[in-house]
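To start, the structure under review is shown below, and the notes come after it.
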Amino acid sequence: MPEISVRAGGAAGDGIASVGEAIAHGFSRMGLHVFGLNAYQSVIRGGHVWFQARASPDRVYSQGDRVDVLYALNRETVDIHAAFLSDGGTVIFDPEKFAVADGDLPNGTRALGVPTLEIARKYTSQSILQNAAGLGATAFVAGIPLELLQKILADSFGKKKGEIVDWNLGASADGYKFAQEHSSPSERAAKPAGAPKLLLSGNQAIALGAAAAGLKFLAQYPMTPASSIMHWLAAHSRELGIVVKQAEDELAAINMAVGASYGGVRSMTATSGGGFSLMVEALGMAGMTEVPLVVVESMRSGPSTGLPTKTEQGDLNLMLGAGQGEFPRAILAPSHPLDAFRAAQKAFQLAERFQTPVLLASDLHLSENFATIDRSEIDLDVDPGPVPIAEPNGGDYKRYQYTESGVSPRSIPGQPGLQWIAGSDEHDEKGHLISDVKAGVPVWVAERTKMFNKRMSKLKGLAEAMDPPAVEGPAGADVTLIAWGSTIGAARDARTLLGARGISTQLVAVTDVYPVPGDAIGRALAGAKRTLLIEGNFSGQYGRLLRAETGIHLSEKLLKYDGEPFYPMEIVAKAVEMTSNGRK
């Protein structure tokens with residue numbers, strides 16, 4: 001399909017993310033669909049960072065594989081990324097900083113030297129202004145109109161006025177005009193494709209979805225890659241009527257969220273794997289006290305600190321087993337910011353309906369990267385409704401009343417006649433503890449079993465509320481791909497590439513992970529010739545879960561745990577290998 005990919009690279013602190021985001025916004029305001037990948041190191045300055053914006057009139061689901069325009073702020077960027085240039089690709093660089101010889105680039109590509117530092121010196125001694133000049137040249141080659149670029153730059157400075165804004169506008173215009181005079185637009189240069197689109201990161205979409213679902217309290221300790229959920233909600237807290245509390249640590253954050261939910265407030269916390277590891281005891285308390293709770297777990301490479309700014313899907317086992325003992329939970333794993341917006345709303349609906357923790361499993365690839373959404377796809381006028389609360393019933397209130405569904409009438413503190421005890425110990429229907437002196441007494445042994453069964457019976461309702469996987473492509477295809485969460489995007493893009501090679505594919509895209517919608521997955525895989533499980537971890541954790549719950553064994557796997565996201569061509573190569581070998 002028609003598309004263009006622009007990549008900017010340099011050292012941390014060079015403003016690469018700002019350049020990349022400006023290009024991504026340019027494409028989105030032209031009505032194109034965009035996927036923006038922000039790849040960075042865990043240092044403030046130094047190291048190699050880059051940003052890729054891929055755009056097309058059709059929706060793109062991953063960063064893709066190739067580069068059409070490469071803006072290089074240092075020589076290292078050329079050395080690392082030149083090999084990814086497509087035929088006809090362009091490298092933009094400043095000859096004052098380093099040289100690019102013909103032999104440094106693949107055949108069929110070109111180099112455009114732009115005097116970005118010289119342009120910057122026309123306005124100020126600050127070298128960072130070189131980015132405005134380089135951005136202007138990049139925009140010309142990529143097909144973004146100058147007036148649109150300058151509107152984006154002006155918007156990025158907000159209410160700031162004065163010479164800094166003028167300098168940036170002037171330098172970007174100079175860079176644009178230089179490229180116009182010394183080069184030509186890319187063969188794949190972008191063209192307007194309709195109305196502007198929203199450009200959201202996964203974390204922004206989660207925050208927006210939570211707000212639409214009636215979130216009123218967020219307690220969080222900042223941890224990459226979940227931190228920007230708190231940043232976004234804090235920035236909009238007053239207009240949305242949401243209390244945002246930065247806690248002293250993850251233990252405090254989840255306990256605050258549990259306490260607020262106990263008080264009848266829709267509450268959430270967000271973290272990554274290391275922080276979630278600290279939260280598991282309080283997660284169990286929410287399960288025992290049957291308090292609704294939404295927890296966002298944005299996975300990154302582990303174990304321990306691992307690769308703190310790189311992606312992975314290694315925490316599924318942790319989420320399945322988090323908390324001592326057993327209690328019901330649901331795990332949702334959106335694949336795209338639009339999915340993330342909807343999944344956040346669904347998480348609150350499930351948490352309140354079943355009075356239990358719900359985990360929203362994201363990862364760095366989804367949380368921090370950008371994608372476009374049509375404005376019509378976002379509904380912010382959803383009425384979240386009041387928190388469902390029991391009515392007084394004559395003084396015989398049983399907070400944990402035995403019901404077939406496992407869901408008991410809920411009250412909040414202060415309601416006359418509906419007082420109850422919310423202890424972390426096992427209890428009877430009224431919340432009175434049956435641990436300590438009552439434990440082991442036959443009547444209370446039976447009560448424990450009965451109460452435990454009540455809680456766990458919620459799993460049946462949760463399972464029925466899980467959406468079946470999306471099945472895309474023909475039954476009986478040459479290869480059936482199975483992916484969950486953010487890996488779905490690369491698998492979708494790989495289907496297009498495989499189709500061009502004459503290999504038919506089907507995709508089973510799982511976003512509601514647990515409880516496993518086993519019957520639906522079984523039907524989807526019933527006629528599969530060859531299956532390929534795609535996961536961002538070492539052991540194929542979802543494959544193990546699927547086998548444990550359904551008996552379905554997916555023997556062929558493509559697993560990745562190097563911290564990098566899946567690229568479509570990696571999936572293509574594996575599928576081609578499978579079909580050429582005739583394996584099943």
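Starting from 1 in every chain, residues are counted up; chains themselves are A, B, ... following the order of the structure tokens, and ligands are numbered from 1 as listed.
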Discussion item. Excluding segment 227-236 of chain A and its own-chain neighbours fewer than 2 positions away, which residues fall within 10 Å of it when counting only C-alpha atoms? Please give them as a PyMOL selection string.
Written reply: chain A and resi 201-208+210-211+217-225+238-246+269-272+296+298+367-368
Practice prompt. Extract the full set of helix (DSSP H, G or I) residues from segment 256-463 of chain A according to DSSP on the backbone, and format it as number ranges by chain.
Written response: A: 256-262, 273-289, 316-321, 337-354, 364-368, 375-377, 436-438, 442-456, 458-463
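With atom CA of Ser28 of chain A on one side and atom CA of Tyr40 of chain A on the other, the separation reads 22.5 Å.
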Worksheet item: Which neighbours of Leu169 of chain A fall inside 10 Å, counting only C-alpha atoms, when residues of the same chain fewer than 3 positions from it are skipped, and could you give them as a list in words?
Response: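 Close residues of Leu169 of chain A: Ala132, Ala133, Gly136, Leu146, Glu147, Leu149, Gln150, Lys151, Leu153, Ala154, Glu163, Ile164, Val165, Asp166, Ser172, Ala173 and Asp174 of chain A.
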Fill in: Contacts of Ser186 of chain A within 10 Å, only C-alpha atoms, excl. fewer than 2 positions in-chain, as number ranges by chain
A: 4, 68-69, 88-90, 138, 140-143, 183-184, 188-190
Write out, as an mmCIF file, in the first residue's frame, the residues just selected, with C-alpha atoms.
data_model
loop_
_atom_site.group_PDB
_atom_site.id
_atom_site.type_symbol
_atom_site.label_atom_id
_atom_site.label_comp_id
_atom_site.auth_asym_id
_atom_site.auth_seq_id
_atom_site.Cartn_x
_atom_site.Cartn_y
_atom_site.Cartn_z
ATOM 1 C CA ILE A 4 6.148 6.668 3.733
ATOM 2 C CA ASP A 68 12.304 6.367 3.177
ATOM 3 C CA VAL A 69 13.722 9.539 4.772
ATOM 4 C CA GLY A 88 15.039 5.862 -3.553
ATOM 5 C CA GLY A 89 15.509 6.730 0.128
ATOM 6 C CA THR A 90 17.149 9.953 1.312
ATOM 7 C CA THR A 138 12.837 16.588 6.277
ATOM 8 C CA PHE A 140 9.903 18.961 2.341
ATOM 9 C CA VAL A 141 11.294 15.575 1.306
ATOM 10 C CA ALA A 142 8.478 13.774 3.164
ATOM 11 C CA GLY A 143 5.752 15.854 1.507
ATOM 12 C CA SER A 183 16.580 18.189 -3.836
ATOM 13 C CA SER A 184 13.139 16.822 -4.681
ATOM 14 C CA ARG A 188 6.691 8.151 -1.634
ATOM 15 C CA ALA A 189 6.023 11.695 -0.400
ATOM 16 C CA ALA A 190 2.828 12.046 1.587
#
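Considering the residues A:Arg59, A:Arg75, A:Lys557, A:Arg492 and counting only C-alpha atoms, Leu338 of chain A has its shortest atom-to-atom contact with A:Arg59.
Counting only C-alpha atoms and comparing A:Arg410, A:Gly423, A:Tyr402, A:His336, the residue that lies closest to Pro292 of chain A is A:Arg410.
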Discussion item. What's around Ala322 of chain A at 9 Å? Count only C-alpha atoms, leave out sequence neighbours fewer than 6 positions away in its own chain, and write the answer as a list in words.
Written reply: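 Everything that qualifies: Phe276, Ser277, Met279, Val280, Glu281, Leu283 and Gly284 of chain A.
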